[in-house]
Structures are given as structure tokens and as C-alpha cells.
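Contents: one structure, followed by commentary.
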Amino acid sequence: MRLNAEQIQQAIEQLEAQPIPKAHWLMPHLERRFGEHTYFIGKNGLHIVEPADGDAADSRRGVVVNLASWAGEISANLEPHDPETTALVIEIDAKD
């Protein structure tokens, strides 16, 4: 799910993560592997937000999905894995 600017700000306020800018060199690789989403990177790894109720058009809540986790003691490398739905649900306003 791609988030608009307002939704990204709402997500930042609720997550301990920052969005990866659309122009970042890594975005084409992420989109090839995981699809078109707004990606967030934080202390728990790489995340996306998916509609909590399954309908992106009407969703006002999003569930955080972890796509990659930090590896090693110094958290220098991300290790991709199958998407893992977390228990974290955030409030987002779906209006453009």
C-alpha cells in the first residue's frame, strides 16, 4: 500500500521508523521484490503498512508488516524474509 504524505506523517508519529524516500536508490530493488509500497526503516527492520481490514480504499487502520530484520549484533545488515504481520495496528486517514 502506498501512503500519501498525510498518511506517511501519521505513520511516522506512531512507528519507530522513518520512510524511505521514493527517489532512494534502493526503491527499485524493494519494489521488484515486495511490490509498490511506502517502505519504513527502523530499529526492528524494514516494514510496510497494509490495510487492516483488507480494503485500501476505505481503510482507516493499517497493520504493520515486517519484510526484513536486522542481522548481527550491530544491526548493519537487513535480512529479508517472508512477510510477517505484526501485532502493531496504526491509525491512518485514507483520504487523499
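Chains: A, B, ... in order of the C-alpha cells. Residues: from 1 per chain. Ligands: from 1, in order shown.
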
Can you list, as number ranges by chain, every protein, DNA or RNA residue that comes within 7 Å of segment 27-43 of chain A when you count only C-alpha atoms, leaving out same-chain residues fewer than 4 positions away? A: 1-3, 16-20, 22, 47-48

Let me see the file: selected residues, C-alpha atoms, as a PDB file, in the first residue's frame.
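Okay, this is what ended up in again.pdb:
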ATOM      1  CA  MET A   1       0.000   0.000   0.000  1.00  0.00           C
ATOM      2  CA  ARG A   2       1.366   3.373  -0.959  1.00  0.00           C
ATOM      3  CA  LEU A   3       0.643   6.072   1.558  1.00  0.00           C
ATOM      4  CA  GLU A  16       9.590   3.968  15.468  1.00  0.00           C
ATOM      5  CA  ALA A  17      10.638   4.158  11.829  1.00  0.00           C
ATOM      6  CA  GLN A  18      11.286   6.598   9.004  1.00  0.00           C
ATOM      7  CA  PRO A  19      10.040   6.342   5.414  1.00  0.00           C
ATOM      8  CA  ILE A  20      12.466   5.521   2.653  1.00  0.00           C
ATOM      9  CA  LYS A  22      10.771   7.435  -3.361  1.00  0.00           C
ATOM     10  CA  HIS A  47       8.272  -2.516   7.220  1.00  0.00           C
ATOM     11  CA  ILE A  48       5.251  -1.679   5.122  1.00  0.00           C
TER      12      ILE A  48
END

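Using only C-alpha atoms for every distance, the candidate list A:Gln9, A:Ser69, A:Asn77, A:Asn4 yields A:Ser69 as the residue closest to Leu46 of chain A.
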
Please identify which residues in segment 6-89 of chain A DSSP calls alpha helix (DSSP H) from the backbone, and express them as a ChimeraX atom specification. /A:6-14,27-34

Identify, with DSSP run on backbone atoms, the residues in segment 22-59 of chain A assigned to strand (DSSP E), and express the list as a PyMOL selection string. chain A and resi 40-42+45-51

Quote the spacing between atom CA of Pro51 of chain A and atom CA of Leu88 of chain A in Å to one decimal place. 12.0 Å

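Compared by their closest atoms to Trp70 of chain A, and using only C-alpha atoms, the residues A:Ala52, A:Pro83, A:Asn44, A:Ile92 rank with A:Asn44 nearest.
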
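Note that the spacing between atom CA of Ile12 of chain A and atom CA of Val63 of chain A amounts to 13.6 Å.
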
One decimal, in Å: what's the spacing between atom CA of Asp53 of chain A and atom CA of Asp82 of chain A? 20.6 Å
